[in-house]
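S.K.: PDB, C-alpha atoms, pLDDT in the B column, file data21.pdb:
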ATOM      1  CA  MET X 352       0.000   0.000   0.000  1.00 80.00           C
ATOM      2  CA  THR X 353       2.910   2.339   0.659  1.00 89.00           C
ATOM      3  CA  ALA X 354       4.247   1.696  -2.841  1.00 92.00           C
ATOM      4  CA  ALA X 355       0.849   2.543  -4.327  1.00 91.00           C
ATOM      5  CA  TRP X 356       0.736   5.770  -2.354  1.00 93.00           C
ATOM      6  CA  LEU X 357       4.250   6.721  -3.496  1.00 95.00           C
ATOM      7  CA  ILE X 358       3.301   5.987  -7.111  1.00 94.00           C
ATOM      8  CA  LEU X 359       0.235   8.224  -6.739  1.00 94.00           C
ATOM      9  CA  VAL X 360       2.388  11.037  -5.369  1.00 95.00           C
ATOM     10  CA  ALA X 361       4.908  10.589  -8.190  1.00 95.00           C
ATOM     11  CA  LEU X 362       2.167  10.626 -10.838  1.00 94.00           C
ATOM     12  CA  THR X 363       0.717  13.778  -9.307  1.00 93.00           C
ATOM     13  CA  LEU X 364       4.104  15.486  -9.409  1.00 93.00           C
ATOM     14  CA  VAL X 365       4.630  14.344 -13.008  1.00 92.00           C
ATOM     15  CA  SER X 366       1.232  15.821 -13.942  1.00 90.00           C
ATOM     16  CA  LEU X 367       2.130  19.118 -12.312  1.00 89.00           C
ATOM     17  CA  GLY X 368       5.519  19.192 -14.007  1.00 90.00           C
ATOM     18  CA  LEU X 369       4.056  18.408 -17.413  1.00 88.00           C
ATOM     19  CA  SER X 370       1.460  21.142 -17.059  1.00 85.00           C
ATOM     20  CA  GLU X 371       4.192  23.629 -16.190  1.00 87.00           C
ATOM     21  CA  TRP X 372       6.721  22.612 -18.864  1.00 88.00           C
ATOM     22  CA  PHE X 373       4.376  21.817 -21.774  1.00 85.00           C
ATOM     23  CA  ARG X 374       1.633  24.343 -21.144  1.00 81.00           C
ATOM     24  CA  GLU X 375       0.781  25.080 -24.791  1.00 81.00           C
ATOM     25  CA  VAL X 376       1.294  21.612 -26.256  1.00 86.00           C
ATOM     26  CA  ARG X 377      -1.806  20.217 -27.971  1.00 87.00           C
ATOM     27  CA  TRP X 378      -1.308  16.606 -26.773  1.00 88.00           C
ATOM     28  CA  LEU X 379      -0.978  17.469 -23.087  1.00 89.00           C
ATOM     29  CA  PRO X 380      -4.668  16.793 -22.222  1.00 89.00           C
ATOM     30  CA  LEU X 381      -4.307  13.270 -23.630  1.00 92.00           C
ATOM     31  CA  LEU X 382      -1.286  12.583 -21.462  1.00 92.00           C
ATOM     32  CA  VAL X 383      -2.878  14.062 -18.348  1.00 91.00           C
ATOM     33  CA  ALA X 384      -6.061  12.061 -19.020  1.00 93.00           C
ATOM     34  CA  ALA X 385      -3.972   8.887 -19.223  1.00 94.00           C
ATOM     35  CA  ILE X 386      -2.313   9.749 -15.911  1.00 94.00           C
ATOM     36  CA  ILE X 387      -5.712  10.402 -14.308  1.00 94.00           C
ATOM     37  CA  TRP X 388      -6.995   7.063 -15.581  1.00 95.00           C
ATOM     38  CA  LEU X 389      -3.872   5.299 -14.287  1.00 95.00           C
ATOM     39  CA  LYS X 390      -4.234   6.914 -10.870  1.00 95.00           C
ATOM     40  CA  GLY X 391      -7.915   5.935 -10.689  1.00 94.00           C
ATOM     41  CA  ALA X 392      -7.134   2.365 -11.670  1.00 94.00           C
ATOM     42  CA  LEU X 393      -4.377   2.211  -9.065  1.00 94.00           C
ATOM     43  CA  VAL X 394      -6.672   3.522  -6.331  1.00 94.00           C
ATOM     44  CA  ALA X 395      -9.370   1.034  -7.342  1.00 93.00           C
ATOM     45  CA  ARG X 396      -6.959  -1.886  -7.342  1.00 92.00           C
ATOM     46  CA  CYS X 397      -4.908  -1.124  -4.228  1.00 92.00           C
ATOM     47  CA  PHE X 398      -7.267   0.748  -1.923  1.00 93.00           C
ATOM     48  CA  ILE X 399     -10.780  -0.284  -3.006  1.00 90.00           C
ATOM     49  CA  GLU X 400      -9.631  -3.817  -3.993  1.00 90.00           C
ATOM     50  CA  SER X 401     -11.668  -3.902  -7.183  1.00 88.00           C
ATOM     51  CA  HIS X 402     -10.015  -7.160  -8.253  1.00 88.00           C
ATOM     52  CA  VAL X 403     -11.869  -9.139  -5.556  1.00 92.00           C
ATOM     53  CA  VAL X 404     -15.383  -7.703  -5.970  1.00 90.00           C
ATOM     54  CA  HIS X 405     -18.255  -9.038  -8.052  1.00 92.00           C
ATOM     55  CA  PRO X 406     -17.620  -8.554 -11.804  1.00 92.00           C
ATOM     56  CA  PHE X 407     -20.607  -6.197 -12.143  1.00 94.00           C
ATOM     57  CA  ILE X 408     -19.233  -3.896  -9.443  1.00 92.00           C
ATOM     58  CA  ALA X 409     -15.790  -4.042 -11.046  1.00 92.00           C
ATOM     59  CA  ARG X 410     -17.262  -2.992 -14.414  1.00 93.00           C
ATOM     60  CA  VAL X 411     -19.235  -0.139 -12.865  1.00 93.00           C
ATOM     61  CA  LEU X 412     -16.091   1.025 -11.107  1.00 94.00           C
ATOM     62  CA  SER X 413     -14.130   0.850 -14.369  1.00 93.00           C
ATOM     63  CA  VAL X 414     -16.723   3.019 -16.118  1.00 94.00           C
ATOM     64  CA  PHE X 415     -16.679   5.472 -13.222  1.00 93.00           C
ATOM     65  CA  ILE X 416     -12.879   5.687 -13.424  1.00 94.00           C
ATOM     66  CA  ALA X 417     -13.024   6.333 -17.180  1.00 94.00           C
ATOM     67  CA  ILE X 418     -15.533   9.205 -16.954  1.00 95.00           C
ATOM     68  CA  SER X 419     -13.190  11.939 -15.704  1.00 92.00           C
ATOM     69  CA  PRO X 420     -10.398  11.362 -18.262  1.00 94.00           C
ATOM     70  CA  LEU X 421     -12.983  11.249 -21.041  1.00 94.00           C
ATOM     71  CA  ALA X 422     -14.541  14.463 -19.747  1.00 93.00           C
ATOM     72  CA  LEU X 423     -11.102  16.094 -19.678  1.00 91.00           C
ATOM     73  CA  ILE X 424     -10.447  15.097 -23.281  1.00 93.00           C
ATOM     74  CA  ALA X 425     -13.904  16.245 -24.373  1.00 93.00           C
ATOM     75  CA  THR X 426     -13.540  19.666 -22.776  1.00 92.00           C
ATOM     76  CA  ALA X 427      -9.958  20.092 -23.968  1.00 90.00           C
ATOM     77  CA  PHE X 428     -10.723  19.408 -27.612  1.00 91.00           C
ATOM     78  CA  PHE X 429     -14.430  20.268 -27.878  1.00 91.00           C
ATOM     79  CA  GLY X 430     -14.864  22.831 -25.080  1.00 88.00           C
ATOM     80  CA  GLY X 431     -16.455  25.508 -27.224  1.00 87.00           C
ATOM     81  CA  THR X 432     -18.958  23.102 -28.738  1.00 88.00           C
ATOM     82  CA  LEU X 433     -19.862  21.640 -25.363  1.00 86.00           C
ATOM     83  CA  ALA X 434     -20.307  25.137 -23.927  1.00 85.00           C
ATOM     84  CA  ARG X 435     -22.678  26.079 -26.746  1.00 87.00           C
ATOM     85  CA  TRP X 436     -24.683  22.886 -26.173  1.00 88.00           C
ATOM     86  CA  ALA X 437     -24.919  23.622 -22.443  1.00 84.00           C
ATOM     87  CA  THR X 438     -26.202  27.180 -22.812  1.00 83.00           C
ATOM     88  CA  LEU X 439     -29.899  27.918 -22.762  1.00 69.00           C
TER      89      LEU X 439
END
Write the structure described by the file as structure tokens, please.

M.R.:
Amino acid sequence: MTAAWLILVALTLVSLGLSEWFREVRWLPLLVAAIIWLKGALVARCFIESHVVHPFIARVLSVFIAISPLALIATAFFGGTLARWATL
């Protein structure tokens, strides 16, 4: 569990460093989304123990983990379109 926590801290620091060094790079949201997905999967595996739950719960958890990276990608590349759709 300590190793998982250290990996989470390292991934967080990598995300912060990437956002500082590659601020204007077009592919940065894809990389950050991958890191977010990896962190969510690590939390689910090591802290929630998703590998020992019922398969239905594991699938629901996998979908839940995938939502935030997908939302990040959608807003990064289609933010203007999504904002127009959300306005009244």

S.K.: What does the PyMOL selection byres ((chain X and resi 358-370) around 9) select in this file, as a list in words?

M.R.: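 Listing what the PyMOL selection byres ((chain X and resi 358-370) around 9) selects in the shown file: Thr353, Ala354, Ala355, Trp356, Leu357, Glu371, Trp372, Phe373, Arg374, Glu375, Leu379, Leu382, Val383, Ile386, Ile387, Leu389, Lys390, Leu393 and Val394 of chain X.
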
S.K.: Rounded to one decimal, what separation in Å do you get between atom CA of Ala384 of chain X and atom CA of Leu412 of chain X?

M.R.: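 Computing the Euclidean distance for atom CA of Ala384 of chain X and atom CA of Leu412 of chain X yields 16.9 Å.
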
S.K.: So which one's closest to Ile408 of chain X, X:Val376, X:Ala434, X:Leu381, X:Ala395? Using only C-alpha atoms, please.

M.R.: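 Answer, going by the shortest atom-to-atom distance: X:Ala395.
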
S.K.: What is the distance between atom CA of Thr438 of chain X and atom CA of Trp388 of chain X, in Å to one decimal?

M.R.: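 Between atom CA of Thr438 of chain X and atom CA of Trp388 of chain X the gap works out to 28.7 Å.
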
S.K.: Distance atom CA of Trp436 of chain X-atom CA of Val414 of chain X, one decimal place?

M.R.: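 Result for atom CA of Trp436 of chain X versus atom CA of Val414 of chain X: 23.6 Å, one decimal.
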
S.K.: Is it possible to get the axis-aligned box enclosing segment 361-367 of chain X (all listed atoms, 6 Å extra per side) as lines of an AutoDock Vina configuration file, with centre and edge lengths in Å rounded to one decimal?

M.R.:
center_x = 2.8
center_y = 14.9
center_z = -11.1
size_x = 16.2
size_y = 20.5
size_z = 17.8

S.K.: So which one's closest to Cys397 of chain X, X:Ala385, X:Ala427, X:Ala417, X:Met352? Using all atoms listed in the file, please.

M.R.: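 For Cys397 of chain X, the nearest of the candidates is X:Met352.
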
S.K.: Pick from X:Ile424, X:Ile418, X:Ala392, X:Leu433: nearest to Trp378 of chain X, with all atoms listed in the file counted?

M.R.: X:Ile424
